[in-house]
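What's in target32.tsv: TSV, C-alpha atoms
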```tsv
chain	number	residue	atom	x	y	z
J	1	MET	CA	-24.90	-17.34	5.24
J	2	SER	CA	-26.92	-20.57	5.29
J	3	ILE	CA	-26.85	-20.86	9.08
J	4	VAL	CA	-29.84	-19.07	10.59
J	5	VAL	CA	-29.97	-17.86	14.20
J	6	ASN	CA	-33.45	-18.30	15.67
J	7	LEU	CA	-32.68	-16.52	18.89
J	8	ASN	CA	-35.55	-14.04	18.51
J	9	THR	CA	-38.12	-16.87	18.35
J	10	VAL	CA	-36.69	-18.62	21.42
J	11	LEU	CA	-36.55	-15.32	23.32
J	12	ALA	CA	-40.18	-14.58	22.45
J	13	ASP	CA	-41.21	-18.07	23.60
J	14	ARG	CA	-39.48	-17.47	26.94
J	15	ASN	CA	-40.78	-13.89	27.26
J	16	LEU	CA	-37.25	-12.61	27.63
J	17	LYS	CA	-35.65	-9.44	26.36
J	18	SER	CA	-32.25	-9.26	24.63
J	19	LYS	CA	-30.90	-7.10	27.44
J	20	GLU	CA	-31.85	-9.69	30.05
J	21	LEU	CA	-30.29	-12.53	28.08
J	22	ALA	CA	-27.12	-10.51	27.51
J	23	GLU	CA	-26.83	-9.96	31.27
J	24	MET	CA	-27.51	-13.63	32.01
J	25	ILE	CA	-24.83	-14.96	29.67
J	26	GLY	CA	-22.35	-12.17	30.27
J	27	ILE	CA	-21.98	-10.65	26.81
J	28	THR	CA	-22.73	-7.15	25.63
J	29	GLU	CA	-26.02	-6.23	24.03
J	30	ALA	CA	-24.14	-5.15	20.93
J	31	ASN	CA	-22.60	-8.61	20.55
J	32	LEU	CA	-25.96	-10.27	21.09
J	33	SER	CA	-27.41	-8.03	18.41
J	34	ILE	CA	-24.62	-9.11	16.00
J	35	LEU	CA	-25.49	-12.73	16.77
J	36	LYS	CA	-29.22	-12.19	16.28
J	37	SER	CA	-28.81	-10.29	13.03
J	38	GLY	CA	-26.71	-13.09	11.54
J	39	LYS	CA	-23.67	-10.85	11.07
J	40	ALA	CA	-21.55	-13.01	13.39
J	41	LYS	CA	-18.83	-15.07	11.71
J	42	ALA	CA	-18.58	-17.64	14.49
J	43	ILE	CA	-19.94	-18.55	17.90
J	44	ARG	CA	-17.85	-19.94	20.76
J	45	PHE	CA	-18.96	-23.20	22.38
J	46	SER	CA	-18.85	-21.38	25.73
J	47	THR	CA	-21.30	-18.73	24.47
J	48	LEU	CA	-23.57	-21.38	22.96
J	49	GLU	CA	-23.44	-23.32	26.21
J	50	ALA	CA	-24.34	-20.19	28.21
J	51	ILE	CA	-27.26	-19.38	25.89
J	52	CYS	CA	-28.59	-22.97	26.06
J	53	LYS	CA	-28.25	-22.93	29.84
J	54	ALA	CA	-29.99	-19.57	30.21
J	55	LEU	CA	-32.83	-20.41	27.82
J	56	ASP	CA	-33.03	-24.09	28.76
J	57	CYS	CA	-32.88	-25.24	25.17
J	58	GLN	CA	-30.75	-27.23	22.69
J	59	PRO	CA	-28.27	-25.70	20.21
J	60	ALA	CA	-30.57	-26.86	17.40
J	61	ASP	CA	-33.33	-24.64	18.79
J	62	ILE	CA	-31.13	-21.61	18.24
J	63	LEU	CA	-29.22	-22.56	15.11
J	64	ALA	CA	-30.63	-24.01	11.91
J	65	TYR	CA	-29.28	-24.80	8.46
J	66	LYS	CA	-31.18	-23.31	5.57
J	67	LYS	CA	-30.36	-24.08	1.92
J	68	GLU	CA	-29.63	-20.91	-0.06
W	1	MET	CA	8.81	0.09	18.65
W	2	LYS	CA	8.13	3.79	19.16
W	3	SER	CA	11.73	4.76	18.39
W	4	LEU	CA	11.69	2.56	15.28
W	5	LEU	CA	8.53	4.26	14.06
W	6	THR	CA	10.03	7.68	14.72
W	7	ALA	CA	13.13	6.63	12.76
W	8	LEU	CA	10.92	5.40	9.89
W	9	LYS	CA	8.99	8.66	9.93
W	10	TRP	CA	12.19	10.70	9.74
W	11	LEU	CA	13.56	8.45	7.01
W	12	ILE	CA	10.45	8.97	4.91
W	13	ASN	CA	10.62	12.71	5.59
W	14	PHE	CA	14.25	12.68	4.45
W	15	LEU	CA	13.29	10.75	1.30
W	16	ILE	CA	10.49	13.23	0.55
W	17	PHE	CA	12.94	16.09	1.01
W	18	SER	CA	15.59	14.50	-1.24
W	19	VAL	CA	13.03	13.73	-3.96
W	20	LEU	CA	11.84	17.35	-3.75
W	21	ILE	CA	15.41	18.64	-4.16
W	22	SER	CA	15.91	16.32	-7.13
W	23	ILE	CA	12.68	17.55	-8.74
W	24	ILE	CA	13.79	21.16	-8.30
W	25	LEU	CA	17.20	20.39	-9.87
W	26	ASN	CA	15.61	18.64	-12.85
W	27	LEU	CA	13.10	21.46	-13.28
W	28	GLY	CA	16.06	23.86	-13.28
W	29	ASP	CA	17.69	21.90	-16.13
W	30	LEU	CA	14.41	21.83	-18.02
W	31	SER	CA	13.80	25.54	-17.67
W	32	LYS	CA	17.39	26.21	-18.79
W	33	TYR	CA	16.75	24.25	-21.99
W	34	VAL	CA	13.40	25.95	-22.64
W	35	LEU	CA	14.86	29.43	-22.03
W	36	THR	CA	17.76	28.66	-24.38
W	37	LYS	CA	15.33	27.52	-27.08
W	38	PHE	CA	13.45	30.82	-26.87
W	39	ASP	CA	16.76	32.76	-26.91
W	40	LEU	CA	16.14	34.09	-23.44
W	41	LEU	CA	19.32	32.52	-22.11
W	42	GLN	CA	22.76	32.10	-23.61
W	43	TYR	CA	24.05	28.55	-23.30
W	44	SER	CA	27.58	27.83	-24.35
W	45	GLY	CA	27.59	24.11	-23.58
W	46	GLU	CA	27.40	21.19	-25.96
W	47	GLU	CA	24.20	21.05	-28.03
W	48	ASN	CA	22.47	17.70	-27.45
W	49	SER	CA	19.38	16.06	-28.87
W	50	TRP	CA	15.98	17.33	-27.64
W	51	ILE	CA	15.29	13.80	-26.36
W	52	LEU	CA	18.23	14.08	-23.99
W	53	MET	CA	17.64	17.70	-23.10
W	54	LEU	CA	13.85	17.88	-22.83
W	55	LEU	CA	12.08	14.54	-22.95
W	56	ILE	CA	14.22	12.57	-20.51
W	57	PRO	CA	14.34	15.29	-17.78
W	58	LEU	CA	10.59	15.84	-18.24
W	59	LEU	CA	9.82	12.13	-17.83
W	60	THR	CA	12.21	11.96	-14.87
W	61	VAL	CA	10.44	14.89	-13.18
W	62	LEU	CA	7.06	13.27	-13.76
W	63	LEU	CA	8.26	9.98	-12.29
W	64	GLN	CA	9.85	11.77	-9.34
W	65	GLY	CA	6.56	13.57	-8.77
W	66	TYR	CA	4.86	10.18	-8.72
W	67	ILE	CA	7.38	8.88	-6.15
W	68	PHE	CA	6.83	12.06	-4.10
W	69	TRP	CA	3.08	11.33	-4.03
W	70	LEU	CA	3.68	7.68	-3.12
W	71	LEU	CA	5.96	8.67	-0.22
W	72	PHE	CA	3.28	11.01	1.08
W	73	LYS	CA	0.81	8.12	0.95
W	74	LEU	CA	3.25	5.88	2.83
W	75	ARG	CA	3.69	8.57	5.48
W	76	LYS	CA	-0.02	8.34	6.29
W	77	VAL	CA	0.39	4.73	7.48
W	78	ILE	CA	2.72	5.56	10.40
W	79	PRO	CA	0.13	7.18	12.77
W	80	GLY	CA	-1.91	3.97	12.40
W	81	PHE	CA	1.05	1.91	13.65
W	82	LYS	CA	1.27	4.13	16.72
W	83	THR	CA	-2.41	3.74	17.59
W	84	ASP	CA	-2.43	-0.02	16.92
W	85	THR	CA	-4.72	0.25	13.94
W	86	ILE	CA	-2.39	-1.50	11.54
W	87	PHE	CA	-4.75	-4.08	10.12
W	88	THR	CA	-7.10	-1.94	8.10
W	89	GLU	CA	-8.19	-2.16	4.48
W	90	LYS	CA	-6.90	1.37	3.93
W	91	ASN	CA	-3.35	0.49	5.07
W	92	SER	CA	-3.36	-2.60	2.87
W	93	ALA	CA	-4.44	-0.49	-0.11
W	94	ILE	CA	-1.70	2.08	0.60
W	95	PHE	CA	1.03	-0.57	0.78
W	96	ARG	CA	-0.26	-2.23	-2.40
W	97	LYS	CA	-0.39	1.12	-4.18
W	98	VAL	CA	3.15	2.03	-3.10
W	99	GLY	CA	4.47	-1.44	-4.05
W	100	ASN	CA	2.88	-1.33	-7.50
W	101	GLY	CA	4.01	2.27	-7.90
W	102	LEU	CA	7.62	1.37	-7.10
W	103	ILE	CA	7.54	-1.47	-9.65
W	104	THR	CA	6.17	0.90	-12.29
W	105	TYR	CA	8.75	3.54	-11.35
W	106	SER	CA	11.70	1.15	-11.46
W	107	VAL	CA	10.67	-0.32	-14.84
W	108	LEU	CA	10.09	3.11	-16.41
W	109	ILE	CA	13.24	4.67	-14.94
W	110	PHE	CA	15.21	1.65	-16.22
W	111	PHE	CA	14.10	2.39	-19.81
W	112	ILE	CA	14.73	6.11	-19.37
W	113	ARG	CA	18.28	5.49	-18.12
W	114	LEU	CA	18.84	3.02	-20.97
W	115	ILE	CA	17.79	5.63	-23.54
W	116	GLU	CA	19.90	8.24	-21.76
W	117	LYS	CA	22.94	5.95	-21.80
W	118	SER	CA	22.48	5.09	-25.47
W	119	PHE	CA	23.04	8.78	-26.29
W	120	GLU	CA	26.29	8.77	-24.37
W	121	ILE	CA	27.89	5.92	-26.35
W	122	THR	CA	31.45	6.74	-27.25
W	123	LEU	CA	33.14	4.16	-29.35
W	124	GLU	CA	36.41	3.05	-27.88
W	125	TYR	CA	39.07	1.20	-29.73
W	126	GLY	CA	38.78	-2.56	-29.33
W	127	VAL	CA	35.36	-2.40	-27.64
W	128	SER	CA	32.40	-3.72	-29.61
W	129	ALA	CA	29.03	-1.93	-29.78
W	130	SER	CA	27.29	-4.98	-28.31
W	131	TYR	CA	29.64	-4.86	-25.30
W	132	THR	CA	28.80	-1.17	-24.75
W	133	LEU	CA	25.07	-1.92	-25.07
W	134	GLY	CA	25.34	-4.77	-22.58
W	135	LYS	CA	27.33	-2.59	-20.20
W	136	ASN	CA	24.71	0.18	-20.41
W	137	PHE	CA	21.96	-2.37	-19.89
W	138	GLY	CA	23.71	-3.70	-16.79
W	139	THR	CA	24.35	-0.23	-15.39
W	140	ALA	CA	20.73	0.81	-15.92
W	141	LEU	CA	19.45	-2.41	-14.37
W	142	SER	CA	21.73	-2.62	-11.33
W	143	GLY	CA	20.27	0.42	-9.58
W	144	ARG	CA	16.70	-0.82	-10.05
W	145	ILE	CA	17.04	-4.32	-8.56
W	146	SER	CA	16.98	-3.09	-4.95
W	147	LEU	CA	13.89	-0.99	-5.69
W	148	LEU	CA	12.16	-4.01	-7.18
W	149	VAL	CA	13.00	-6.10	-4.09
W	150	ILE	CA	11.59	-3.34	-1.81
W	151	ALA	CA	8.47	-3.13	-3.98
W	152	ILE	CA	7.90	-6.89	-3.74
W	153	PHE	CA	8.35	-6.73	0.05
W	154	LEU	CA	5.78	-3.92	0.21
W	155	LEU	CA	3.34	-6.03	-1.80
W	156	ILE	CA	3.91	-8.94	0.60
W	157	ILE	CA	3.28	-6.60	3.57
W	158	ALA	CA	0.09	-5.38	1.85
W	159	GLN	CA	-1.08	-8.98	1.53
W	160	LEU	CA	-0.21	-9.67	5.19
W	161	ILE	CA	-2.16	-6.60	6.34
W	162	LYS	CA	-5.13	-7.72	4.24
W	163	GLU	CA	-5.00	-11.20	5.77
W	164	GLY	CA	-4.59	-9.66	9.25
W	165	TYR	CA	-7.64	-7.48	8.64
W	166	ARG	CA	-9.68	-10.54	7.63
W	167	LEU	CA	-8.60	-12.43	10.77
W	168	LYS	CA	-9.29	-9.40	12.96
W	169	GLN	CA	-12.77	-9.08	11.47
W	170	GLU	CA	-13.39	-12.75	12.10
W	171	ASN	CA	-12.15	-12.42	15.67
W	172	ASP	CA	-14.27	-9.32	16.27
W	173	LEU	CA	-17.35	-11.06	14.90
W	174	THR	CA	-16.88	-14.20	16.99
W	175	ILE	CA	-19.38	-14.08	19.82
```

Representation of the structure as structure tokens:
Amino acid sequence: MSIVVNLNTVLADRNLKSKELAEMIGITEANLSILKSGKAKAIRFSTLEAICKALDCQPADILAYKKE
Amino acid sequence: MKSLLTALKWLINFLIFSVLISIILNLGDLSKYVLTKFDLLQYSGEENSWILMLLIPLLTVLLQGYIFWLLFKLRKVIPGFKTDTIFTEKNSAIFRKVGNGLITYSVLIFFIRLIEKSFEITLEYGVSASYTLGKNFGTALSGRISLLVIAIFLLIIAQLIKEGYRLKQENDLTI
């Protein structure tokens, strides 16, 4: 997929662990792992909003388009 | 839903049983012919062509065996319906296999019945050979139409299950 999820970078910048983020946004660690690994087919606006709110960032910081 | 599934299960069981009985009957006819050929059994009936006595029953048994196997495959789908795991790739493959199998069966059995009927032609006064051929063609075809319709429905269901599986996957992978 040409959409890349940069969640690991943002998490490292914020010194946060996946488990903590999962708890903050109210999704399971397994689902967060799917999102981070790029296996997810889609992301809900509500999830994106929760992530942006928790990490205090913009959607563009998490998602990027990369030409294949 | 549960009672419908139980009814479907029993119907498939009944079909498996009836196909099994039919296979046994045809095998009985076949063994009778083979035993007569080797002079192990006295047969006083009318002597027919080997195509009618050996080839057609043999092909029929093989096709019935194929249907038997397909019904067993179809039977495996029912537990999935009970546990709400309908939309799987496996179920789609089973339905597709059974649908294609039924089409193959109905086409082959149509030709077998046509050949069988062509041996039974008795010329009647005032009835042309082309009329008899057309009549045999119609008789052989009429029984297969319903099977073809069922087969096409099964193929449609297979496609629906495949599409359902894709949507389910998409839903499961939406975070």

With a distance threshold of 10 Å and counting all atoms listed in the file, extract the residues of chain J near chain W and express them as a list of chain:residue names.
->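 Interface list for chain J against chain W: J:Ile27, J:Thr28, J:Asn31, J:Leu32, J:Ile34, J:Leu35, J:Lys39, J:Ala40, J:Lys41, J:Ala42, J:Ile43, J:Arg44, J:Phe45, J:Ser46, J:Thr47, J:Leu48.
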
Å distance separating CA of Leu148 in chain W from CA of Leu62 in chain W, one decimal place |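 Atom-to-atom, CA of Leu148 in chain W to CA of Leu62 in chain W, that is 19.2 Å.
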
Neighbour residues at most 12 Å from (-5.2, 1.5, 8.9) (all atoms listed in the file) as number ranges by chain | W: 73-95, 158, 161-162, 164-165

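CA of Glu116 in chain W sits 14.5 Å away from CA of Gly143 in chain W.
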
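A straight line drawn from CA of Ile103 in chain W to CA of Gln64 in chain W is 13.4 Å long.
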
Which residues come within 12 Å of Asn13 in chain W, counting only C-alpha atoms, excluding same-chain residues fewer than 2 positions away, as a list in words?
-> Thr6, Ala7, Leu8, Lys9, Trp10, Leu11, Leu15, Ile16, Phe17, Ser18, Val19, Leu20, Phe68, Leu71, Phe72, Lys73, Leu74, Arg75, Lys76 and Ile78 of chain W

With distances taken over all atoms listed in the file, which of J:Lys36, J:Gln58, J:Glu49, J:Tyr65 is nearest to Asn6 in chain J?
->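 Once distances to Asn6 in chain J are computed over all atoms listed in the file, the minimum belongs to J:Lys36.
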
May I have the residues within 12 Å of Phe153 in chain W as a VMD selection string, using all atoms listed in the file and disregarding those fewer than 4 positions away in the same chain?
-> chain W and resid 95 to 96 98 to 100 102 to 103 146 to 149 157 to 160

Could you tell me which of J:Ala64, J:Pro59, J:Thr9, J:Ala54 comes closest to Gly26 in chain J if we count all atoms listed in the file?
->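 Once distances to Gly26 in chain J are computed over all atoms listed in the file, the minimum belongs to J:Ala54.
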